[in-house]
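Encoded as structure tokens, the structure appears first; notes follow it.
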Amino acid sequence: MIPRVHKRGSETFGLLNYLYGKGTHEEHVDPHLVAAWDSFAPDPGRDPQATKRQLQQLLDQPVQALTESRRPAKHVWHLSVRAAPDDPILSDEQWGEIARRMVAATGIAPSADEAGCRWAAVRHADDHIHIIATLVREDGRRPRLNNDAKRSQAEARLIEAEYGLKQLSTGDGTAAQRPTSAERHKAQRQGRERTAREELRESVRRAVTGARSEEEFFDRLAAVGLLIRKREAPSGDLLGYKVALPDDRNKDGEPVFYPGARLAPDLSLPRIRERWSADSDQISSTDTPGSASPNSPSAARRRTATAAWVAIGVVEHGDDAVAAAYIAATGEVLDALAKTSAAHTRSELRDAAFAFERASRSHVRAARGHDRALRQAARDLVHGGPALDRGEDGATTAMAIDMLFFLVTAAAHWHAKKGHAQQAEAAAQAAEHLRNAYQPAASQPLGLLYQRGRRLSRPVLQRQTALLRETLPNLAEQILAEPGWYALAATIAEASAAGHDLAALLSDAVESRELGTADSVSDVLVWRLRRRADLPADATGIPRNRTVKNPATVRPAAARTTTSGRRFGEEAPGNTR
């Protein structure tokens, strides 16, 4: 249940006219009173003898009784209360009781206070009511409305529990503004999946991802076709900006502009500038394995995986302000990855970025500058360009998604410890989308490694098994029981051939990094070892020492299991460990 205190107004009749009207898109159905300060209050919706003017005059009587100098300039209070989409349809009697509880909780009309403000609750849809009140009590005093919004939220949590409704989390004021009903109806008429506000927020987020200057930021906005208006001081200094979709027009045919701050708190120009001012001029990048140039999509994904690996430790153990910066920058990386990934993962990655946007902000002020490596990774992804769904591009995409899953999960845990319920839930949703994106991304490269691992000789596998039990005694048996063990065995063999200290590699791969949320520990270790040992993510070009007698009998077991334990891939029939 979502209560929302609207801006105060000065026209009681104007608000009543809207509440009892057809709505901006004729979405209001059967407007009528469900409760009021007086059980005999007129209902212009269902009583043909009652008028909106009569109701307005009764509501305004305490205001009019004051001398003009004592009347509040804005005396109209407005609260809407909306049920969650999955909630059952409540009766008029239930909504009436909810209205009485809300006016009591907020201080409009406290329980057993006969001198409270006059109010009325109007229902014109199945899922919500509007409460209008006038801000002068019957005794001529003003009501005490300190923290009315927070008190309405607290009462909503109690109502949800008592009525068996969906339990929502109380916000902390850092969320992006929700689309209005009018915006949602407009999007439906235009056949849009999202409202103009939501589309603009995503476009602006992507434009700021990894950007280093105002010029680059505005060039990106223009490149995706947004209309831009800049607000300048008399000195010529830029103070702010607005953006609009070219085809989103008002009734007069003019573009509907939204300031950055109305899209999200961290998209105002001053907040965006904080990112730029903290960035270094340039962060060097080095070439990466797999014949990838420094600016290739695969190289960018490798650097992203490395930056995410470091960020996990910071979020888990670092200072709060620094952790908040890393979490905010993680949102940029997700936006960049969604923008540049292949079609088979793009939808889930886009949903992950969209969900994580809520997790990127909290009341813990981010110490920007510490997050340079993640912001540089986002920039590299953007400038590396679109990735293919195969070869080193596809394999390093799986590697990056795998590492980002753990980073996003660490962010969810961090928010949960701080009591940031909405942010923790948003991060958990983003992690689930990353899990879904990982499966198609990892299937081919891990399937190939699985086949290579099955070809290893028994003595090699026995030595690796002994190494695993000696180095990772707490995880060894779990790993050996997973289908992904053979992909890990192939990776260990490559690392050994490259001259690496295998025990050190394995220890580093699990040290101080959470593995409890992994569906397949062996899968995770494959990507961590290949990144740490500078092995190509895609094993296609690696020479094979022997062939499988009957390749058709070997089925990839690379795909992870779901949270319910179901495997997406199977081990070959008759295989033994």
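Identifiers for the structure tokens are assigned positionally: chains receive A, B, ... in sequence, residues are indexed from 1 per chain, and ligands are indexed from 1 in the order shown.
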
Spatial neighbours of range 520-527 of chain A, 9 Å, only C-alpha atoms, chain gap at least 5 places, as an MDAnalysis selection string: chainID A and resid 396 398:400 402:403 446 475 478:480 482:492 506 509:510 515 532 537 558:561

Go ahead and save the residues from that selection, with N, CA, C and O atoms, as a CSV table (one decimal), in the first residue's frame.
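Result went into result.csv, see below:
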chain,number,residue,atom,x,y,z
A,396,THR,N,34.0,-13.6,-22.4
A,396,THR,CA,34.3,-12.6,-21.4
A,396,THR,C,33.0,-11.9,-20.9
A,396,THR,O,33.0,-11.4,-19.7
A,398,ALA,N,30.3,-13.6,-20.1
A,398,ALA,CA,29.9,-14.5,-19.1
A,398,ALA,C,30.8,-14.3,-17.8
A,398,ALA,O,30.3,-14.3,-16.7
A,399,MET,N,32.1,-14.1,-18.1
A,399,MET,CA,33.0,-13.8,-17.0
A,399,MET,C,32.6,-12.5,-16.2
A,399,MET,O,32.6,-12.5,-15.0
A,400,ALA,N,32.3,-11.5,-17.0
A,400,ALA,CA,31.9,-10.2,-16.3
A,400,ALA,C,30.6,-10.3,-15.6
A,400,ALA,O,30.4,-9.8,-14.5
A,402,ASP,N,29.3,-13.0,-14.3
A,402,ASP,CA,29.6,-13.8,-13.1
A,402,ASP,C,30.1,-13.0,-12.0
A,402,ASP,O,29.7,-13.1,-10.8
A,403,MET,N,31.1,-12.1,-12.3
A,403,MET,CA,31.7,-11.3,-11.2
A,403,MET,C,30.7,-10.2,-10.7
A,403,MET,O,30.7,-9.9,-9.6
A,446,LEU,N,31.6,-22.7,-21.4
A,446,LEU,CA,31.7,-23.7,-20.4
A,446,LEU,C,31.5,-25.1,-20.9
A,446,LEU,O,32.1,-26.1,-20.5
A,475,LEU,N,35.5,-27.0,0.4
A,475,LEU,CA,34.7,-26.9,-0.8
A,475,LEU,C,35.0,-28.1,-1.8
A,475,LEU,O,34.2,-28.3,-2.7
A,478,GLN,N,32.1,-30.7,-2.6
A,478,GLN,CA,31.0,-30.0,-3.3
A,478,GLN,C,31.4,-29.8,-4.8
A,478,GLN,O,30.6,-30.1,-5.7
A,479,ILE,N,32.6,-29.3,-5.0
A,479,ILE,CA,33.1,-29.0,-6.4
A,479,ILE,C,33.1,-30.3,-7.2
A,479,ILE,O,32.7,-30.4,-8.4
A,480,LEU,N,33.7,-31.4,-6.6
A,480,LEU,CA,33.8,-32.6,-7.3
A,480,LEU,C,32.5,-33.2,-7.7
A,480,LEU,O,32.4,-34.0,-8.6
A,482,GLU,N,29.9,-31.5,-8.7
A,482,GLU,CA,29.2,-30.7,-9.7
A,482,GLU,C,29.6,-31.0,-11.1
A,482,GLU,O,30.7,-31.4,-11.4
A,483,PRO,N,28.6,-30.9,-12.0
A,483,PRO,CA,29.0,-31.1,-13.5
A,483,PRO,C,30.1,-30.2,-13.9
A,483,PRO,O,30.8,-30.6,-14.8
A,484,GLY,N,30.1,-29.0,-13.4
A,484,GLY,CA,31.1,-28.0,-13.8
A,484,GLY,C,32.5,-28.4,-13.4
A,484,GLY,O,33.5,-27.6,-13.8
A,485,TRP,N,32.7,-29.4,-12.7
A,485,TRP,CA,34.1,-29.8,-12.2
A,485,TRP,C,35.0,-30.0,-13.4
A,485,TRP,O,36.2,-29.7,-13.4
A,486,TYR,N,34.5,-30.6,-14.5
A,486,TYR,CA,35.4,-30.9,-15.6
A,486,TYR,C,35.8,-29.6,-16.3
A,486,TYR,O,36.9,-29.6,-16.9
A,487,ALA,N,35.0,-28.6,-16.4
A,487,ALA,CA,35.4,-27.3,-16.9
A,487,ALA,C,36.5,-26.7,-16.0
A,487,ALA,O,37.5,-26.1,-16.6
A,488,LEU,N,36.3,-26.8,-14.7
A,488,LEU,CA,37.4,-26.3,-13.8
A,488,LEU,C,38.7,-27.1,-14.0
A,488,LEU,O,39.8,-26.6,-14.0
A,489,ALA,N,38.5,-28.5,-14.2
A,489,ALA,CA,39.7,-29.3,-14.4
A,489,ALA,C,40.5,-28.8,-15.6
A,489,ALA,O,41.7,-28.8,-15.6
A,490,ALA,N,39.8,-28.6,-16.7
A,490,ALA,CA,40.4,-28.1,-17.9
A,490,ALA,C,41.1,-26.8,-17.7
A,490,ALA,O,42.3,-26.5,-18.2
A,491,THR,N,40.5,-25.9,-16.9
A,491,THR,CA,41.1,-24.6,-16.6
A,491,THR,C,42.4,-24.8,-15.7
A,491,THR,O,43.4,-24.1,-16.0
A,492,ILE,N,42.3,-25.7,-14.8
A,492,ILE,CA,43.5,-25.9,-13.9
A,492,ILE,C,44.6,-26.5,-14.8
A,492,ILE,O,45.8,-26.1,-14.6
A,506,LEU,N,44.1,-21.1,-6.6
A,506,LEU,CA,42.8,-21.5,-6.0
A,506,LEU,C,42.6,-20.8,-4.7
A,506,LEU,O,41.4,-20.4,-4.5
A,509,ALA,N,41.3,-17.4,-5.4
A,509,ALA,CA,40.0,-17.3,-6.0
A,509,ALA,C,38.9,-17.4,-5.0
A,509,ALA,O,37.8,-16.9,-5.2
A,510,VAL,N,39.2,-18.0,-3.8
A,510,VAL,CA,38.1,-18.1,-2.8
A,510,VAL,C,38.3,-17.2,-1.6
A,510,VAL,O,37.4,-17.0,-0.8
A,515,LEU,N,30.9,-17.2,-1.6
A,515,LEU,CA,30.5,-18.2,-2.6
A,515,LEU,C,29.2,-18.9,-2.3
A,515,LEU,O,28.7,-19.7,-3.0
A,532,ARG,N,42.4,-14.5,-13.3
A,532,ARG,CA,43.6,-14.3,-12.5
A,532,ARG,C,44.9,-14.9,-13.3
A,532,ARG,O,46.0,-14.3,-13.2
A,537,ALA,N,39.4,-16.4,-22.2
A,537,ALA,CA,38.1,-16.9,-21.7
A,537,ALA,C,37.4,-17.9,-22.6
A,537,ALA,O,36.7,-18.8,-22.1
A,558,ALA,N,27.5,-27.2,-18.6
A,558,ALA,CA,28.0,-25.9,-18.2
A,558,ALA,C,27.0,-25.1,-17.5
A,558,ALA,O,27.3,-24.3,-16.7
A,559,ALA,N,25.7,-25.3,-17.9
A,559,ALA,CA,24.7,-24.4,-17.3
A,559,ALA,C,24.5,-24.6,-15.9
A,559,ALA,O,24.6,-25.7,-15.4
A,560,ARG,N,24.3,-23.5,-15.1
A,560,ARG,CA,24.1,-23.6,-13.7
A,560,ARG,C,22.8,-24.3,-13.4
A,560,ARG,O,21.9,-24.5,-14.2
A,561,THR,N,22.6,-24.5,-12.1
A,561,THR,CA,21.3,-25.0,-11.6
A,561,THR,C,20.5,-23.8,-11.2
A,561,THR,O,21.0,-22.8,-10.9

Selection near Leu226 in chain A, 8 Å with only C-alpha atoms, sequence-local residues under 2 positions removed, as a ChimeraX atom specification: /A:221-224,228,243-246

Atomic separation - CA of Ile132 in chain A relative to CA of Gly14 in chain A, Å: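 We find that CA of Gly14 in chain A and CA of Ile132 in chain A lie 11.2 Å from each other.
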
Separation of CA of Ala65 in chain A from CA of Ala50 in chain A, in Å and rounded to one decimal: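 Computed distance, CA of Ala65 in chain A to CA of Ala50 in chain A, equals 22.8 Å.
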
Residue with smallest distance to Ala427 in chain A - pool A:Arg375, A:Arg71, A:Arg358, A:Arg4, counting only C-alpha atoms: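 Of the candidates, the smallest distance to Ala427 in chain A is held by A:Arg358.
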
Gap from CA of Ser10 in chain A to CA of His75 in chain A - Å, one decimal: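 CA of His75 in chain A lies at a distance of 5.6 Å from CA of Ser10 in chain A.
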